[in-house]
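Q: Pasting a structure here, questions to come.
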Amino acid sequence: MTFIDLPQMISASGSVMLPGSKSISNRALLLAALAQGETELRALLDSDDTARMREALATLGVAMSAAGEDGLRVSGSNGRFPVRQAELFLGNAGTAFRSLTAVLAFAGGEYVLKGVPRMHERPIGDLVDALVTCGASIKSLEKEGFPPLLIRPAVIRPCSVVKIRGDVSSQFLSGLLMALPLAGAQVTVEVEGELISKPYVDLTLNLMARFGVAVEREGWRAFSIPAGARYRSPGLYRVEGDASSASYFLALGAIGAGAGNPVRVIGVGKDAVQGDVRFADALTAMGATVEAGENWISAARPADGKPLTGIHLDCNHIPDAAMTLAVAALFAQGETTLANIGSWRVKETDRIAAMAAELRKLNVRVEEGADFLKVVPPDAAHPLLPAVIDTYDDHRMAMCFSLATFGVPLRIHDPGCVAKTFPGYFACFNTVARPAPVIAIDGPTASGKGTVSVRVAQALGFNYLDSGALYRLTALAAREAGVDWADETGVTAIASRLDAEFHAGGVRLNGREVCEAIRDEDISSGASKVAALPAVREALLFRQRTFHRAPGLVGDGRDMGSVVFPGAQLKIFLTASPAIRAVRRTQQLLERNEPAELCAIQADLEARDVRDLNRPVAPLRQEADALLLDTEHLSIDEAVAKVLGWFTDSSCG
Ligand code: DC
C-alpha cells in the first residue's frame with residue numbers, strides 16, 4: 001500500500017494556481033465534440049476523470065489536438081460521432097459515464113460503457129428509464145439499473161415530456177439535458193422528487209448556452225429544450241479553476257493563516273459559474289476571513305483572533321465541497337452538522353460512512369445518519385490522535401484528511417487517488433502548509449546526543465523523540481515474548497503492535513515502567529540487532545513520525561535526517577572518538593553503581609558502530625546536508641549552545 005506521511009502543520013499562507021474544473025472540463029469536452037465547428041478549450045483539467053472522457057471521445061472518432069501551451073483543439077462532430085460501434089471504459093468518472101450514456105443513447109450506434117467495479121455499484125437506472133421513454137435501447141449487462149450498459153441504435157420518438165428523478169444524482173438530469181438537443185424536437189424535462197445539487201445543473205445550462213443551446217427553466221421542476229436546438233462552437237472556451245479543489249486551500253487558510261497573510265486560490269473568483277464557490281460562504285459563516293476578486297478567493301482565520309465556530313448547514317448546494325467542512329469542523333468551537341448530504345452515499349465511495357469511519361480513527365466523536373453527519377470537535381477529554389487514514393479510492397477523502405494535520409500527524413494511504421481531479425495536490429499542499437520544525441540529531445552510540453537532544457528540546461519547548469528507545473523496547477518486548485532477535489517476522493510483529501508509552505522521565509511497556517530495563521547492556525546489544533532488520537525499521541517508521549508535532553521536535557537517533565525526517569529544518573551529525581565515548585559511558589555506569597570496564601565497553605561500542613554503519617538499511621552516516629558537531633572537546637552546555645545557535649540561523653535563513 002502506498003502512503004504519504006504528513007507531520008503536524010502549524011501555519012499556512014501563499015497562493016495556489018488551481019487546476020481546471022473537472023465538472024466544466026468534462027462538460028466542455030463533450031459539448032465541443034458534439035458541436036458544429038472547431039472549439040479551442042483552454043486550461044482544461046488534466047486528470048484521471050478528464051483522461052477517461054478524452055479517451056472515450058477519441059474512441060468515438062472525435063479529432064483533438066494540442067493548441068498552444070494549455071489548449072486543446074476539438075473538431076466538433078455536429079451531433080454524429082464518426083465511430084458507430086465501440087466499447088468505452090470510463091473508470092470511476094461519474095461525469096463522463098452519465099453524460100455519455102445519455103448522448104450515446106441518441107447517437108445511433110452500438111456502444112458498451114464500462115467502468116471500475118465501484119462505477120458498477122453506482123446507480124444509473126433512473127437515467128436509463130428516462131432515456132428509454134424517448135425510445136432509446138439500453139440494457140444493463142450485469143445488474144439491472146447499474147453499469148455496465150449496452151446501448152443499441154434505436155428509433156428516437158419525439159416525445160414532448162420526459163420525466164426524471166432528481167433526488168439521486170443531478171448528473172442524470174445534466175446528462176439528459178445535454179443529450180436532448182440531439183433528438184431534434186422540442187422537449188420538456190420534468191423533475192420528480194427534490195432536485196439535489198442544483199448548482200451542477202445550473203453549470204450544465206450555462207455550458208449548453210455557451211455552446212448555443214438556451215434551455216428555458218421553470219424553477220427547478222421543468223426544463224424546455226427548443227425545437228431545432230443545435231450545439232455550435234463558441235470558438236474559444238476557457239475553463240475556470242476547480243471550485244471544489246479550491247475548498248481545501250480555503251479551508252487551510254481558515255484554519256492556519258493569519259488574517260494579514262491568507263491563503264489565496266487563483267482561477268476562480270466571485271462570479272464563478274461553479275456552485276462550489278459557495279463553500280467560501282460556509283467558511284464565512286464559520287467566522288473565517290474571506291475575500292474574493294475577479295479571479296481569486298482568499299481565506300484566513302477569523303480576524304478577531306477567535307476560533308472558527310461550528311455550523312449547521314444544508315449542504316445540498318455544495319455536495320462535494322461540503323466534505324471539506326467535515327474536517328475543517330475539527331478546528332471549530334462547537335459541533336458542525338452537515339445536512340442533506342444523502343448523495344454522498346452513491347459517490348466514489350459511501351462518503352458518509354467513509355468520513356465517519358476515518359474521523360473516528362482520529363478519536364473524533366461523529367454521528368452519522370442516512371443523509372447527515374455531525375462532527376464534534378476535539379477537547380481535552382477527547383484529543384485528536386495520530387492515525388493511518390484509508391482513502392477508499394476517493395480523491396476527496398485524501399484531500400480532506402490532509403487538513404486534519406493541523407491537529408495531528410497522519411499517514412494517508414493511496415495518496416495517488418487525488419489524480420482523479422488534482423494530480424499535483426500534495427505538492428501544492430506542501431507549498432502552502434508549513435510543518436512544525438524538526439531538529440534531527442544523528443550519531444553513534446554514547447556520543448552524548450541523547451543528553452544534548454533532551455536539553456535542546458527543553459530549551460525550545462519542543463517534543464523529544466528518543467528513537468533508539470523504540471528499538472530497545474522492541475528488543476525487550478521480543479525477549480519477553482521469547483522471540484529470537486534474528487527472527488525478522490516475529491520481531492516485526494512485536495514492533496508493529498508495541499504497547500509503549502513515553503511519559504515525563506520514563507517509558508512504559510505494556511503498562512510497566514521499563515526505563516532502566518531497556519538500558520541494560522544485553523538489551524542494548526539486542527536493540528542494535530533488531531535495528532538492522534528492514535521490516536522492523538519499516539514497522540516503527542510511522543510511530544516515530546507521530547512525534548512530529550507542534551511546536552516542534554528534536555529527534556535523536558541514527559537515521560533521523562536520512563530516513564525518518566528527511567525534510568528536517570536542521571540536521572546534525574553529533575560524534576566523538578570511540579575512546580572518549582567509552583570513557584563517558586563508563587562514567588555513566590559507575591555513577592549508577594553499575595559494573596563498568598573501560599576496555600570491554602569500548603570494544604562493545606565499536607562493535608555496535610560497525611553494525612550501525614554497515615547495515616544495508618538506514619546505515620549511520622552523515623547526510624550531505626547535516627552539520628558536523630564533534631563533541632570530543634566540548635562540554636554539554638557548549639554542544640547545546642551550538643545546536644541552538646544553528647537552529648536560530650536555520651529559522652532566520
Ligand atoms: O541511541 P541508542 O543507543 O538508544 O540506540 C539503540 C540501538 O538502536 C542502537 O544500536 C542503534 C539503533 N538505532 C537505530 O538503528 N536507529 C535509530 N534511529 C536509533 C537507534
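Simple scheme: letters A, B, ... for chains in C-alpha cells order, numbers from 1 for residues in each chain, numbers from 1 for ligands in the order shown.
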I need the residues of segment 217-281 of chain A that end up classed as alpha helix (DSSP H) by DSSP on the backbone, written out as a PyMOL selection string.
A: chain A and resi 243-256+279-281
Q: Next, write the just-selected residues to a file, as an mmCIF file, in the first residue's frame, keeping all heavy atoms as the atom set.
A:
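Written out: selection09.cif:
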```
data_model
loop_
_atom_site.group_PDB
_atom_site.id
_atom_site.type_symbol
_atom_site.label_atom_id
_atom_site.label_comp_id
_atom_site.auth_asym_id
_atom_site.auth_seq_id
_atom_site.Cartn_x
_atom_site.Cartn_y
_atom_site.Cartn_z
ATOM 1 N N ALA A 243 -13.557 24.772 -8.353
ATOM 2 C CA ALA A 243 -14.005 25.350 -7.084
ATOM 3 C C ALA A 243 -13.999 24.309 -5.966
ATOM 4 O O ALA A 243 -13.811 24.662 -4.798
ATOM 5 C CB ALA A 243 -15.403 25.938 -7.246
ATOM 6 N N SER A 244 -14.192 23.050 -6.301
ATOM 7 C CA SER A 244 -14.139 22.019 -5.245
ATOM 8 C C SER A 244 -12.700 21.872 -4.775
ATOM 9 O O SER A 244 -12.428 21.750 -3.571
ATOM 10 C CB SER A 244 -14.656 20.676 -5.755
ATOM 11 O OG SER A 244 -15.860 20.848 -6.445
ATOM 12 N N SER A 245 -11.753 21.883 -5.729
ATOM 13 C CA SER A 245 -10.336 21.801 -5.348
ATOM 14 C C SER A 245 -9.942 23.023 -4.519
ATOM 15 O O SER A 245 -9.099 22.939 -3.618
ATOM 16 C CB SER A 245 -9.445 21.745 -6.591
ATOM 17 O OG SER A 245 -9.750 20.603 -7.350
ATOM 18 N N ALA A 246 -10.552 24.164 -4.826
ATOM 19 C CA ALA A 246 -10.250 25.388 -4.063
ATOM 20 C C ALA A 246 -10.602 25.222 -2.596
ATOM 21 O O ALA A 246 -9.963 25.806 -1.717
ATOM 22 C CB ALA A 246 -11.024 26.565 -4.646
ATOM 23 N N SER A 247 -11.620 24.389 -2.316
ATOM 24 C CA SER A 247 -12.124 24.298 -0.936
ATOM 25 C C SER A 247 -11.027 23.869 0.044
ATOM 26 O O SER A 247 -10.985 24.348 1.177
ATOM 27 C CB SER A 247 -13.320 23.346 -0.853
ATOM 28 O OG SER A 247 -12.920 22.003 -1.032
ATOM 29 N N TYR A 248 -10.124 22.994 -0.385
ATOM 30 C CA TYR A 248 -9.085 22.509 0.549
ATOM 31 C C TYR A 248 -8.151 23.648 0.947
ATOM 32 O O TYR A 248 -7.751 23.764 2.107
ATOM 33 C CB TYR A 248 -8.287 21.359 -0.081
ATOM 34 C CG TYR A 248 -9.234 20.312 -0.628
ATOM 35 C CD1 TYR A 248 -9.437 20.154 -1.991
ATOM 36 C CD2 TYR A 248 -10.008 19.558 0.245
ATOM 37 C CE1 TYR A 248 -10.368 19.259 -2.476
ATOM 38 C CE2 TYR A 248 -10.938 18.659 -0.237
ATOM 39 C CZ TYR A 248 -11.122 18.517 -1.599
ATOM 40 O OH TYR A 248 -12.057 17.648 -2.053
ATOM 41 N N PHE A 249 -7.830 24.484 -0.011
ATOM 42 C CA PHE A 249 -6.870 25.557 0.282
ATOM 43 C C PHE A 249 -7.537 26.694 1.041
ATOM 44 O O PHE A 249 -6.912 27.321 1.901
ATOM 45 C CB PHE A 249 -6.197 26.017 -1.012
ATOM 46 C CG PHE A 249 -5.343 24.914 -1.567
ATOM 47 C CD1 PHE A 249 -5.803 24.104 -2.581
ATOM 48 C CD2 PHE A 249 -4.119 24.635 -0.994
ATOM 49 C CE1 PHE A 249 -5.044 23.041 -3.040
ATOM 50 C CE2 PHE A 249 -3.344 23.576 -1.437
ATOM 51 C CZ PHE A 249 -3.808 22.776 -2.472
ATOM 52 N N LEU A 250 -8.809 26.930 0.737
ATOM 53 C CA LEU A 250 -9.509 27.967 1.501
ATOM 54 C C LEU A 250 -9.667 27.503 2.949
ATOM 55 O O LEU A 250 -9.500 28.288 3.894
ATOM 56 C CB LEU A 250 -10.869 28.268 0.859
ATOM 57 C CG LEU A 250 -10.752 28.884 -0.544
ATOM 58 C CD1 LEU A 250 -12.131 29.093 -1.168
ATOM 59 C CD2 LEU A 250 -9.990 30.215 -0.498
ATOM 60 N N ALA A 251 -9.954 26.216 3.132
ATOM 61 C CA ALA A 251 -10.055 25.687 4.499
ATOM 62 C C ALA A 251 -8.697 25.776 5.198
ATOM 63 O O ALA A 251 -8.621 26.147 6.373
ATOM 64 C CB ALA A 251 -10.554 24.250 4.477
ATOM 65 N N LEU A 252 -7.627 25.482 4.458
ATOM 66 C CA LEU A 252 -6.276 25.609 5.036
ATOM 67 C C LEU A 252 -6.052 27.017 5.559
ATOM 68 O O LEU A 252 -5.499 27.214 6.643
ATOM 69 C CB LEU A 252 -5.218 25.359 3.961
ATOM 70 C CG LEU A 252 -4.668 23.971 3.769
ATOM 71 C CD1 LEU A 252 -3.584 23.996 2.699
ATOM 72 C CD2 LEU A 252 -4.092 23.453 5.062
ATOM 73 N N GLY A 253 -6.475 27.995 4.766
ATOM 74 C CA GLY A 253 -6.335 29.389 5.176
ATOM 75 C C GLY A 253 -7.165 29.668 6.415
ATOM 76 O O GLY A 253 -6.687 30.284 7.375
ATOM 77 N N ALA A 254 -8.415 29.192 6.418
ATOM 78 C CA ALA A 254 -9.320 29.464 7.545
ATOM 79 C C ALA A 254 -8.797 28.834 8.827
ATOM 80 O O ALA A 254 -9.008 29.343 9.920
ATOM 81 C CB ALA A 254 -10.713 28.925 7.228
ATOM 82 N N ILE A 255 -8.092 27.722 8.691
ATOM 83 C CA ILE A 255 -7.582 27.024 9.880
ATOM 84 C C ILE A 255 -6.222 27.594 10.308
ATOM 85 O O ILE A 255 -5.962 27.785 11.490
ATOM 86 C CB ILE A 255 -7.406 25.509 9.585
ATOM 87 C CG1 ILE A 255 -8.748 24.858 9.262
ATOM 88 C CG2 ILE A 255 -6.741 24.795 10.765
ATOM 89 C CD1 ILE A 255 -8.616 23.480 8.621
ATOM 90 N N GLY A 256 -5.354 27.882 9.317
ATOM 91 C CA GLY A 256 -3.960 28.119 9.693
ATOM 92 C C GLY A 256 -3.328 29.417 9.229
ATOM 93 O O GLY A 256 -2.138 29.623 9.485
ATOM 94 N N PHE A 279 -18.829 27.445 -1.109
ATOM 95 C CA PHE A 279 -18.092 26.931 0.046
ATOM 96 C C PHE A 279 -17.494 28.102 0.834
ATOM 97 O O PHE A 279 -17.405 28.070 2.060
ATOM 98 C CB PHE A 279 -16.975 25.986 -0.425
ATOM 99 C CG PHE A 279 -16.063 25.525 0.671
ATOM 100 C CD1 PHE A 279 -16.433 24.485 1.508
ATOM 101 C CD2 PHE A 279 -14.831 26.135 0.888
ATOM 102 C CE1 PHE A 279 -15.598 24.061 2.535
ATOM 103 C CE2 PHE A 279 -13.991 25.719 1.905
ATOM 104 C CZ PHE A 279 -14.373 24.681 2.739
ATOM 105 N N ALA A 280 -17.079 29.123 0.107
ATOM 106 C CA ALA A 280 -16.487 30.295 0.764
ATOM 107 C C ALA A 280 -17.497 30.922 1.732
ATOM 108 O O ALA A 280 -17.122 31.416 2.799
ATOM 109 C CB ALA A 280 -16.031 31.310 -0.284
ATOM 110 N N ASP A 281 -18.800 30.875 1.371
ATOM 111 C CA ASP A 281 -19.827 31.422 2.283
ATOM 112 C C ASP A 281 -19.895 30.599 3.571
ATOM 113 O O ASP A 281 -20.106 31.138 4.661
ATOM 114 C CB ASP A 281 -21.211 31.411 1.617
ATOM 115 C CG ASP A 281 -21.247 32.267 0.365
ATOM 116 O OD1 ASP A 281 -20.335 33.108 0.207
ATOM 117 O OD2 ASP A 281 -22.165 32.084 -0.455
#
```
Q: Using only C-alpha atoms and all ligand atoms, determine which residues fall within 8 Å of ligand 1, then list them as a PyMOL selection string.
A: chain A and resi 442+444-446+450+466-472+519+524-532+537+556-560+564+608-609+611-612+618-620
Q: Run DSSP on the backbone and grab whatever in segment 397-470 of chain A lands in strand (DSSP E); send it over as number ranges by chain.
A: A: 410-413, 433-435, 438-442, 463-466
Q: Residues at most 12 Å from segment 644-646 of chain A, counting only C-alpha atoms, excluding those fewer than 2 positions away in the same chain, as a ChimeraX atom specification?
A: /A:439,452-453,455-460,554,569-572,626-629,637-642,648-653
Q: Check which residues of segment 424-444 of chain A sit at most 12 Å from segment 265-268 of chain A using only C-alpha atoms, and return one row each with the closest pair of atoms and their distance in Å to one decimal, ordered by chain and rising number, as a Markdown table.
A:
```
| residue | atom | partner | partner_atom | distance |
| --- | --- | --- | --- | --- |
| A:Cys428 | CA | A:Val265 | CA | 10.9 |
| A:Phe429 | CA | A:Val265 | CA | 11.9 |
| A:Val432 | CA | A:Val265 | CA | 10.6 |
```
Q: Can you spit out the residues from that selection as an mmCIF file, in the first residue's frame, using C-alpha atoms?
A:
```cif
data_model
loop_
_atom_site.group_PDB
_atom_site.id
_atom_site.type_symbol
_atom_site.label_atom_id
_atom_site.label_comp_id
_atom_site.auth_asym_id
_atom_site.auth_seq_id
_atom_site.Cartn_x
_atom_site.Cartn_y
_atom_site.Cartn_z
ATOM 1 C CA CYS A 428 0.619 22.259 -3.751
ATOM 2 C CA PHE A 429 -0.335 21.412 -0.168
ATOM 3 C CA VAL A 432 1.111 26.345 1.398
#
```
Q: Which residues are near Leu57 of chain A? Cut-off 9 Å, only C-alpha atoms, ignore same chain within fewer than 6 positions. Put them as a PyMOL selection string.
A: chain A and resi 29-30+33+63-64+81
Q: Got a sec: who's within 9 Å of Thr289 of chain A, counting only C-alpha atoms, leaving out chain neighbours fewer than 4 positions off, as a VMD selection string?
A: chain A and resid 253 to 254 259 262 283 to 284 298 to 303
Q: Export C-alpha atoms of the chosen residues as a PDB file, in the first residue's frame?
A:
```pdb
ATOM      1  CA  GLY A 253      -6.335  29.389   5.176  1.00  0.00           C
ATOM      2  CA  ALA A 254      -9.320  29.464   7.545  1.00  0.00           C
ATOM      3  CA  ALA A 259      -5.597  37.441   8.623  1.00  0.00           C
ATOM      4  CA  PRO A 262      -4.068  34.487   3.883  1.00  0.00           C
ATOM      5  CA  LEU A 283     -16.299  29.404   5.765  1.00  0.00           C
ATOM      6  CA  THR A 284     -17.510  32.966   6.315  1.00  0.00           C
ATOM      7  CA  SER A 298      -8.565  34.127  -0.195  1.00  0.00           C
ATOM      8  CA  ALA A 299      -9.208  32.838   3.304  1.00  0.00           C
ATOM      9  CA  ALA A 300      -7.643  33.299   6.708  1.00  0.00           C
ATOM     10  CA  ARG A 301      -8.534  32.721  10.350  1.00  0.00           C
ATOM     11  CA  PRO A 302     -11.202  34.915  11.978  1.00  0.00           C
ATOM     12  CA  ALA A 303      -9.939  38.487  12.144  1.00  0.00           C
TER      13      ALA A 303
END
```
Q: Tell me which of A:Ala185, A:Ala282, A:Ala32, A:Ala43 sits closest to Phe211 of chain A, counting only C-alpha atoms.
A: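 Distance minimum relative to Phe211 of chain A lands on A:Ala32.
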Q: Give me, as a Markdown table, the closest atom pair and its distance (Å, one decimal) for every residue of segment 371-429 of chain A within a cut-off of 8 Å of segment 2-19 of chain A, counting only C-alpha atoms, rows sorted by chain and rising number.
A:
```
| residue | atom | partner | partner_atom | distance |
| --- | --- | --- | --- | --- |
| A:Ser402 | CA | A:Leu6 | CA | 7.6 |
| A:Thr405 | CA | A:Gln8 | CA | 4.8 |
| A:Phe406 | CA | A:Met9 | CA | 4.7 |
| A:Gly407 | CA | A:Gln8 | CA | 6.3 |
| A:Val408 | CA | A:Gln8 | CA | 5.0 |
| A:Pro409 | CA | A:Pro7 | CA | 4.3 |
| A:Leu410 | CA | A:Leu6 | CA | 5.3 |
| A:Arg411 | CA | A:Asp5 | CA | 4.3 |
| A:Ile412 | CA | A:Ile4 | CA | 5.3 |
| A:His413 | CA | A:Phe3 | CA | 4.3 |
| A:Asp414 | CA | A:Thr2 | CA | 5.0 |
| A:Pro415 | CA | A:Phe3 | CA | 6.0 |
| A:Phe422 | CA | A:Pro19 | CA | 6.7 |
| A:Cys428 | CA | A:Val16 | CA | 6.8 |
```
Q: Identify, on the basis of only C-alpha atoms, every residue whose closest approach to segment 370-386 of chain A does not exceed 8 Å; exclude the query and any residue fewer than 3 positions from it along the same chain; express the result as a ChimeraX atom specification.
A: /A:326,329-343,352,356,361-367,407-410,546
Q: Check the smallest atom-to-atom distance from each of A:Gly235, A:Gly293, A:Gly37, A:Pro181 to Val213 of chain A using only C-alpha atoms, then report the winner.
A: A:Pro181
